[in-house]
>>> print(open('work39.pdb').read())   # PDB, C-alpha atoms
ATOM      1  CA  MET A   1     125.826  26.815 102.851
ATOM      2  CA  LYS A   2     122.741  29.050 102.580
ATOM      3  CA  ASP A   3     121.872  28.344 106.208
ATOM      4  CA  LEU A   4     125.432  28.935 107.386
ATOM      5  CA  LEU A   5     125.682  32.304 105.633
ATOM      6  CA  LEU A   6     122.334  33.362 107.053
ATOM      7  CA  ILE A   7     123.334  32.267 110.566
ATOM      8  CA  LEU A   8     126.612  34.205 110.325
ATOM      9  CA  ALA A   9     124.733  37.323 109.211
ATOM     10  CA  ILE A  10     122.254  36.916 112.072
ATOM     11  CA  ILE A  11     125.103  36.552 114.568
ATOM     12  CA  ALA A  12     126.703  39.749 113.236
ATOM     13  CA  HIS A  13     123.383  41.592 113.529
ATOM     14  CA  PHE A  14     122.885  40.490 117.120
ATOM     15  CA  VAL A  15     126.488  41.345 118.039
ATOM     16  CA  LEU A  16     125.612  44.912 117.009
ATOM     17  CA  ILE A  17     122.482  44.772 119.137
ATOM     18  CA  GLY A  18     124.511  43.458 122.080
ATOM     19  CA  ALA A  19     127.001  46.293 121.728
ATOM     20  CA  ASP A  20     124.128  48.766 121.519
ATOM     21  CA  ILE A  21     122.577  47.325 124.688
ATOM     22  CA  PHE A  22     125.961  47.670 126.411
ATOM     23  CA  GLY A  23     126.097  51.313 125.379
ATOM     24  CA  GLN A  24     122.530  51.911 126.543
ATOM     25  CA  VAL A  25     122.909  50.162 129.901
ATOM     26  CA  VAL A  26     126.533  50.800 130.878
ATOM     27  CA  ILE A  27     127.991  53.790 129.040
ATOM     28  CA  SER A  28     125.104  56.233 128.486
ATOM     29  CA  PRO A  29     123.696  56.383 132.029
ATOM     30  CA  VAL A  30     127.110  57.254 133.436
ATOM     31  CA  VAL A  31     128.417  59.682 130.837
ATOM     32  CA  LEU A  32     125.115  61.526 130.483
ATOM     33  CA  SER A  33     124.476  61.760 134.234
ATOM     34  CA  ALA A  34     126.112  65.153 134.848
ATOM     35  CA  PRO A  35     127.482  66.588 131.624
ATOM     36  CA  PRO A  36     129.839  68.087 130.755
ATOM     37  CA  GLU A  37     131.915  66.790 133.693
ATOM     38  CA  SER A  38     130.611  63.231 133.231
ATOM     39  CA  LEU A  39     131.788  63.315 129.598
ATOM     40  CA  LEU A  40     135.445  63.294 130.645
ATOM     41  CA  ILE A  41     135.920  59.713 129.378
ATOM     42  CA  PHE A  42     135.567  61.034 125.811
ATOM     43  CA  GLN A  43     138.291  63.646 126.119
ATOM     44  CA  GLY A  44     142.021  63.759 126.444
ATOM     45  CA  GLU A  45     144.870  61.632 125.187
ATOM     46  CA  TYR A  46     143.241  58.323 126.202
ATOM     47  CA  ALA A  47     139.659  59.157 125.244
ATOM     48  CA  TYR A  48     137.155  56.362 124.761
ATOM     49  CA  ASP A  49     136.329  55.987 121.075
ATOM     50  CA  SER A  50     133.911  53.250 120.084
ATOM     51  CA  THR A  51     134.133  54.017 116.346
ATOM     52  CA  VAL A  52     137.009  51.516 116.101
ATOM     53  CA  PHE A  53     134.351  48.881 116.820
ATOM     54  CA  TRP A  54     131.241  50.340 115.191
ATOM     55  CA  GLN A  55     132.600  51.210 111.750
ATOM     56  CA  PRO A  56     134.062  47.806 110.850
ATOM     57  CA  ALA A  57     131.373  45.856 112.734
ATOM     58  CA  ASN A  58     128.595  47.579 110.802
ATOM     59  CA  MET A  59     130.330  46.968 107.484
ATOM     60  CA  ILE A  60     130.946  43.298 108.331
ATOM     61  CA  ALA A  61     127.312  42.827 109.381
ATOM     62  CA  LEU A  62     126.035  44.538 106.242
ATOM     63  CA  GLY A  63     128.392  42.515 104.044
ATOM     64  CA  LEU A  64     127.274  39.246 105.621
ATOM     65  CA  LEU A  65     123.631  40.273 105.264
ATOM     66  CA  ILE A  66     124.119  40.964 101.541
ATOM     67  CA  VAL A  67     125.990  37.684 100.995
ATOM     68  CA  ALA A  68     123.239  35.779 102.854
ATOM     69  CA  LEU A  69     120.590  37.522 100.743
ATOM     70  CA  ILE A  70     122.398  36.635  97.512
ATOM     71  CA  ALA A  71     122.817  33.018  98.616
ATOM     72  CA  ASN A  72     119.126  32.762  99.531
ATOM     73  CA  TRP A  73     117.802  34.821  96.625
ATOM     74  CA  ASN A  74     115.971  31.935  94.928
ATOM     75  CA  SER A  75     114.278  30.733  98.097
ATOM     76  CA  PRO A  76     111.101  31.511 100.035
ATOM     77  CA  ARG A  77     113.330  33.477 102.424
ATOM     78  CA  ARG A  78     114.005  36.261  99.932
ATOM     79  CA  ALA A  79     111.193  38.636 100.971
ATOM     80  CA  LEU A  80     112.121  38.387 104.647
ATOM     81  CA  LEU A  81     115.795  38.982 103.918
ATOM     82  CA  VAL A  82     115.042  41.927 101.628
ATOM     83  CA  GLY A  83     112.913  43.373 104.445
ATOM     84  CA  TRP A  84     115.818  42.846 106.830
ATOM     85  CA  LEU A  85     118.214  44.625 104.470
ATOM     86  CA  VAL A  86     115.843  47.536 103.787
ATOM     87  CA  GLY A  87     115.018  47.899 107.495
ATOM     88  CA  SER A  88     118.666  47.796 108.523
ATOM     89  CA  ILE A  89     119.635  50.394 105.930
ATOM     90  CA  ALA A  90     116.686  52.644 106.829
ATOM     91  CA  ILE A  91     117.574  52.526 110.529
ATOM     92  CA  THR A  92     121.224  53.251 109.750
ATOM     93  CA  VAL A  93     120.362  56.189 107.481
ATOM     94  CA  ALA A  94     118.029  57.629 110.133
ATOM     95  CA  SER A  95     120.790  57.168 112.712
ATOM     96  CA  LEU A  96     123.308  58.948 110.498
ATOM     97  CA  GLY A  97     120.873  61.845 110.189
ATOM     98  CA  PHE A  98     120.357  62.516 113.891
ATOM     99  CA  ILE A  99     121.465  59.953 116.467
ATOM    100  CA  PHE A 100     125.172  59.780 115.601
ATOM    101  CA  PRO A 101     125.646  63.531 114.971
ATOM    102  CA  GLU A 102     123.827  64.423 118.209
ATOM    103  CA  TYR A 103     125.931  61.907 120.142
ATOM    104  CA  GLY A 104     129.086  63.419 118.655
ATOM    105  CA  ALA A 105     127.955  66.938 119.543
ATOM    106  CA  ILE A 106     127.121  65.975 123.109
ATOM    107  CA  VAL A 107     130.328  64.058 123.861
ATOM    108  CA  SER A 108     132.545  66.724 122.322
ATOM    109  CA  THR A 109     131.321  69.372 124.765
ATOM    110  CA  PRO A 110     134.329  70.949 126.482
ATOM    111  CA  PHE A 111     134.998  69.855 130.058
ATOM    112  CA  ASP A 112     133.464  71.861 132.873
ATOM    113  CA  THR A 113     132.642  70.975 136.487
ATOM    114  CA  VAL A 114     129.286  72.782 136.364
ATOM    115  CA  VAL A 115     126.377  70.566 135.270
ATOM    116  CA  ASP A 116     124.624  71.994 132.209
ATOM    117  CA  PRO A 117     120.843  71.352 132.534
ATOM    118  CA  ALA A 118     120.299  71.862 128.809
ATOM    119  CA  LEU A 119     122.953  69.254 128.062
ATOM    120  CA  VAL A 120     121.375  66.862 130.582
ATOM    121  CA  GLU A 121     118.064  67.277 128.736
ATOM    122  CA  ARG A 122     119.713  66.744 125.327
ATOM    123  CA  GLY A 123     121.352  63.612 126.698
ATOM    124  CA  ALA A 124     118.025  62.297 127.996
ATOM    125  CA  ASP A 125     116.369  62.969 124.629
ATOM    126  CA  TRP A 126     119.250  61.258 122.842
ATOM    127  CA  ARG A 127     118.994  58.217 125.116
ATOM    128  CA  LEU A 128     115.260  57.876 124.402
ATOM    129  CA  ILE A 129     115.675  58.143 120.633
ATOM    130  CA  SER A 130     118.669  55.801 120.735
ATOM    131  CA  PHE A 131     116.628  53.277 122.733
ATOM    132  CA  VAL A 132     113.824  53.427 120.144
ATOM    133  CA  ARG A 133     116.440  52.855 117.431
ATOM    134  CA  MET A 134     117.784  49.839 119.297
ATOM    135  CA  ILE A 135     114.282  48.334 119.647
ATOM    136  CA  ALA A 136     113.627  48.884 115.929
ATOM    137  CA  PHE A 137     116.947  47.232 115.049
ATOM    138  CA  LEU A 138     116.071  44.321 117.320
ATOM    139  CA  GLY A 139     112.665  44.029 115.642
ATOM    140  CA  VAL A 140     114.222  44.000 112.170
ATOM    141  CA  GLY A 141     116.587  41.289 113.437
ATOM    142  CA  LEU A 142     113.625  38.990 114.009
ATOM    143  CA  LEU A 143     113.014  38.771 110.243
ATOM    144  CA  PRO A 144     116.055  36.591 109.491
ATOM    145  CA  LEU A 145     115.313  34.408 112.517
ATOM    146  CA  TYR A 146     111.889  33.748 111.039
ATOM    147  CA  ALA A 147     113.509  33.227 107.628
ATOM    148  CA  LEU A 148     115.511  30.344 109.096
ATOM    149  CA  THR A 149     112.225  28.503 109.686
ATOM    150  CA  ARG A 150     111.470  28.712 105.972
ATOM    151  CA  PRO A 151     112.896  26.262 103.421
ATOM    152  CA  ASN A 152     116.206  27.310 101.890
ATOM    153  CA  SER A 153     115.202  26.272  98.373
ATOM    154  CA  GLY A 154     112.182  27.100  96.313
TER
END
>>> encode(input="work39.pdb", output="structure tokens")
Amino acid sequence: MKDLLLILAIIAHFVLIGADIFGQVVISPVVLSAPPESLLIFQGEYAYDSTVFWQPANMIALGLLIVALIANWNSPRRALLVGWLVGSIAITVASLGFIFPEYGAIVSTPFDTVVDPALVERGADWRLISFVRMIAFLGVGLLPLYALTRPNSG
């Protein structure tokens, strides 16, 4: 059961990474190519809103991580899983402080057909910082994979 809970938590973590990669590779290059006109997908009656995925997915992943940590608490995996939890929370808190608010500010820019160079630059900066965040989240996700190689009892 300890292994199963840990595997489920790992899957949830890497689903988030997959969604982040999708955003980095598919969504961001297009919508940040010529803002504010290229931001049209985020406006209007049928606007794209990924929060319906991200909010519950993050809570599910965090919940599974905590359950896996509790289940593996008395095992040699504990330190790795605590590091995973602390790293995941730290990355999320840092994201809440800048990455998510900046994304919201950029995509809520009113529509215009004239490209705004300052907004293009903000978008490029956001993409770089978001990419660094994704790499850090991927790195933290390696901790539970390594934990699976450790015994589940101590």
>>> resolve_selection(input="work39.pdb", expression="the PyMOL selection byres ((chain A and resi 95) around 12)", output="number ranges by chain")
A: 88-94, 96-104, 126, 129-134, 136-137
>>> resolve_selection(input="work39.pdb", expression="the PyMOL selection byres ((chain A and resi 71-82) around 9)", output="list in words")
Met1, Lys2, Asp3, Leu5, Leu6, Leu65, Ile66, Val67, Ala68, Leu69, Ile70, Gly83, Trp84, Leu85, Val86, Gly87, Leu143, Pro144, Tyr146, Ala147, Leu148, Thr149, Arg150, Pro151, Asn152, Ser153 and Gly154 of chain A
>>> closest_residue(input="work39.pdb", among="A:Leu8, A:Val26, A:Leu32, A:Phe14", to="Arg122 (chain A)", atoms="all atoms listed in the file")
A:Leu32
>>> residues_around(input="work39.pdb", residues="His13 (chain A)", least_positions_apart="3", cutoff="9 Å", atoms="only C-alpha atoms", output="VMD selection string")
chain A and resid 8 to 10 16 to 18 58 61 to 62 65 137 to 138 141
>>> atom_distance(input="work39.pdb", atom1="CA of Phe111 (chain A)", atom2="CA of Asp125 (chain A)")
20.6 Å
>>> atom_distance(input="work39.pdb", atom1="CA of Arg127 (chain A)", atom2="CA of Pro29 (chain A)")
8.6 Å
>>> atom_distance(input="work39.pdb", atom1="CA of Asp49 (chain A)", atom2="CA of Ala105 (chain A)")
13.9 Å
>>> closest_residue(input="work39.pdb", among="A:Leu142, A:Val52, A:Ile106, A:Gln24", to="Glu121 (chain A)", atoms="all atoms listed in the file")
A:Ile106
>>> closest_residue(input="work39.pdb", among="A:Leu128, A:Ala118, A:Val140, A:Ser108", to="Gly44 (chain A)", atoms="all atoms listed in the file")
A:Ser108
>>> closest_residue(input="work39.pdb", among="A:Val115, A:Val120, A:Ile60, A:Ile41", to="Val15 (chain A)", atoms="only C-alpha atoms")
A:Ile60
>>> axis_aligned_box(input="work39.pdb", around="region 53-59 of chain A", padding_each_side="8 Å", output="lines of an AutoDock Vina configuration file")
center_x = 131.5
center_y = 48.5
center_z = 112.2
size_x = 21.8
size_y = 21.4
size_z = 25.3
>>> build_atoms(input="work39.pdb", residues="region 13-34 of chain A", atoms="N, CA, C and O atoms", output="PDB file, in the coordinates of the input")
ATOM      1  N   HIS A  13     124.442  40.640 113.197  1.00  0.00           N
ATOM      2  CA  HIS A  13     123.383  41.592 113.529  1.00  0.00           C
ATOM      3  C   HIS A  13     123.184  41.666 115.042  1.00  0.00           C
ATOM      4  O   HIS A  13     123.105  42.754 115.621  1.00  0.00           O
ATOM      5  N   PHE A  14     123.138  40.505 115.683  1.00  0.00           N
ATOM      6  CA  PHE A  14     122.885  40.490 117.120  1.00  0.00           C
ATOM      7  C   PHE A  14     124.117  40.877 117.938  1.00  0.00           C
ATOM      8  O   PHE A  14     123.975  41.315 119.084  1.00  0.00           O
ATOM      9  N   VAL A  15     125.303  40.782 117.381  1.00  0.00           N
ATOM     10  CA  VAL A  15     126.488  41.345 118.039  1.00  0.00           C
ATOM     11  C   VAL A  15     126.336  42.862 118.105  1.00  0.00           C
ATOM     12  O   VAL A  15     126.628  43.487 119.133  1.00  0.00           O
ATOM     13  N   LEU A  16     125.853  43.470 117.013  1.00  0.00           N
ATOM     14  CA  LEU A  16     125.612  44.912 117.009  1.00  0.00           C
ATOM     15  C   LEU A  16     124.561  45.293 118.048  1.00  0.00           C
ATOM     16  O   LEU A  16     124.709  46.293 118.763  1.00  0.00           O
ATOM     17  N   ILE A  17     123.518  44.495 118.141  1.00  0.00           N
ATOM     18  CA  ILE A  17     122.482  44.772 119.137  1.00  0.00           C
ATOM     19  C   ILE A  17     123.061  44.643 120.550  1.00  0.00           C
ATOM     20  O   ILE A  17     122.783  45.473 121.422  1.00  0.00           O
ATOM     21  N   GLY A  18     123.878  43.623 120.773  1.00  0.00           N
ATOM     22  CA  GLY A  18     124.511  43.458 122.080  1.00  0.00           C
ATOM     23  C   GLY A  18     125.386  44.643 122.441  1.00  0.00           C
ATOM     24  O   GLY A  18     125.366  45.131 123.580  1.00  0.00           O
ATOM     25  N   ALA A  19     126.152  45.128 121.481  1.00  0.00           N
ATOM     26  CA  ALA A  19     127.001  46.293 121.728  1.00  0.00           C
ATOM     27  C   ALA A  19     126.145  47.528 122.003  1.00  0.00           C
ATOM     28  O   ALA A  19     126.487  48.353 122.859  1.00  0.00           O
ATOM     29  N   ASP A  20     125.037  47.646 121.297  1.00  0.00           N
ATOM     30  CA  ASP A  20     124.128  48.766 121.519  1.00  0.00           C
ATOM     31  C   ASP A  20     123.517  48.694 122.921  1.00  0.00           C
ATOM     32  O   ASP A  20     123.421  49.703 123.624  1.00  0.00           O
ATOM     33  N   ILE A  21     123.113  47.506 123.333  1.00  0.00           N
ATOM     34  CA  ILE A  21     122.577  47.325 124.688  1.00  0.00           C
ATOM     35  C   ILE A  21     123.632  47.703 125.723  1.00  0.00           C
ATOM     36  O   ILE A  21     123.332  48.400 126.705  1.00  0.00           O
ATOM     37  N   PHE A  22     124.872  47.295 125.505  1.00  0.00           N
ATOM     38  CA  PHE A  22     125.961  47.670 126.411  1.00  0.00           C
ATOM     39  C   PHE A  22     126.064  49.190 126.513  1.00  0.00           C
ATOM     40  O   PHE A  22     126.173  49.751 127.603  1.00  0.00           O
ATOM     41  N   GLY A  23     126.027  49.857 125.381  1.00  0.00           N
ATOM     42  CA  GLY A  23     126.097  51.313 125.379  1.00  0.00           C
ATOM     43  C   GLY A  23     124.924  51.942 126.107  1.00  0.00           C
ATOM     44  O   GLY A  23     125.091  52.916 126.851  1.00  0.00           O
ATOM     45  N   GLN A  24     123.737  51.377 125.911  1.00  0.00           N
ATOM     46  CA  GLN A  24     122.530  51.911 126.543  1.00  0.00           C
ATOM     47  C   GLN A  24     122.517  51.689 128.062  1.00  0.00           C
ATOM     48  O   GLN A  24     122.051  52.537 128.814  1.00  0.00           O
ATOM     49  N   VAL A  25     123.011  50.538 128.488  1.00  0.00           N
ATOM     50  CA  VAL A  25     122.909  50.162 129.901  1.00  0.00           C
ATOM     51  C   VAL A  25     124.127  50.587 130.721  1.00  0.00           C
ATOM     52  O   VAL A  25     123.991  50.977 131.878  1.00  0.00           O
ATOM     53  N   VAL A  26     125.314  50.550 130.122  1.00  0.00           N
ATOM     54  CA  VAL A  26     126.533  50.800 130.878  1.00  0.00           C
ATOM     55  C   VAL A  26     127.117  52.187 130.622  1.00  0.00           C
ATOM     56  O   VAL A  26     127.420  52.924 131.563  1.00  0.00           O
ATOM     57  N   ILE A  27     127.293  52.546 129.374  1.00  0.00           N
ATOM     58  CA  ILE A  27     127.991  53.790 129.040  1.00  0.00           C
ATOM     59  C   ILE A  27     127.081  55.017 129.207  1.00  0.00           C
ATOM     60  O   ILE A  27     127.413  55.951 129.943  1.00  0.00           O
ATOM     61  N   SER A  28     125.963  55.041 128.521  1.00  0.00           N
ATOM     62  CA  SER A  28     125.104  56.233 128.486  1.00  0.00           C
ATOM     63  C   SER A  28     124.645  56.731 129.857  1.00  0.00           C
ATOM     64  O   SER A  28     124.709  57.932 130.116  1.00  0.00           O
ATOM     65  N   PRO A  29     124.158  55.858 130.742  1.00  0.00           N
ATOM     66  CA  PRO A  29     123.696  56.383 132.029  1.00  0.00           C
ATOM     67  C   PRO A  29     124.790  57.110 132.816  1.00  0.00           C
ATOM     68  O   PRO A  29     124.513  58.088 133.504  1.00  0.00           O
ATOM     69  N   VAL A  30     126.009  56.638 132.696  1.00  0.00           N
ATOM     70  CA  VAL A  30     127.110  57.254 133.436  1.00  0.00           C
ATOM     71  C   VAL A  30     127.550  58.552 132.778  1.00  0.00           C
ATOM     72  O   VAL A  30     127.619  59.602 133.421  1.00  0.00           O
ATOM     73  N   VAL A  31     127.842  58.498 131.494  1.00  0.00           N
ATOM     74  CA  VAL A  31     128.417  59.682 130.837  1.00  0.00           C
ATOM     75  C   VAL A  31     127.404  60.801 130.646  1.00  0.00           C
ATOM     76  O   VAL A  31     127.790  61.965 130.503  1.00  0.00           O
ATOM     77  N   LEU A  32     126.128  60.485 130.649  1.00  0.00           N
ATOM     78  CA  LEU A  32     125.115  61.526 130.483  1.00  0.00           C
ATOM     79  C   LEU A  32     124.480  61.921 131.815  1.00  0.00           C
ATOM     80  O   LEU A  32     123.488  62.643 131.842  1.00  0.00           O
ATOM     81  N   SER A  33     125.050  61.489 132.923  1.00  0.00           N
ATOM     82  CA  SER A  33     124.476  61.760 134.234  1.00  0.00           C
ATOM     83  C   SER A  33     124.677  63.205 134.689  1.00  0.00           C
ATOM     84  O   SER A  33     123.792  63.779 135.316  1.00  0.00           O
ATOM     85  N   ALA A  34     125.825  63.781 134.407  1.00  0.00           N
ATOM     86  CA  ALA A  34     126.112  65.153 134.848  1.00  0.00           C
ATOM     87  C   ALA A  34     127.043  65.850 133.865  1.00  0.00           C
ATOM     88  O   ALA A  34     128.139  66.260 134.214  1.00  0.00           O
TER      89      ALA A  34
END
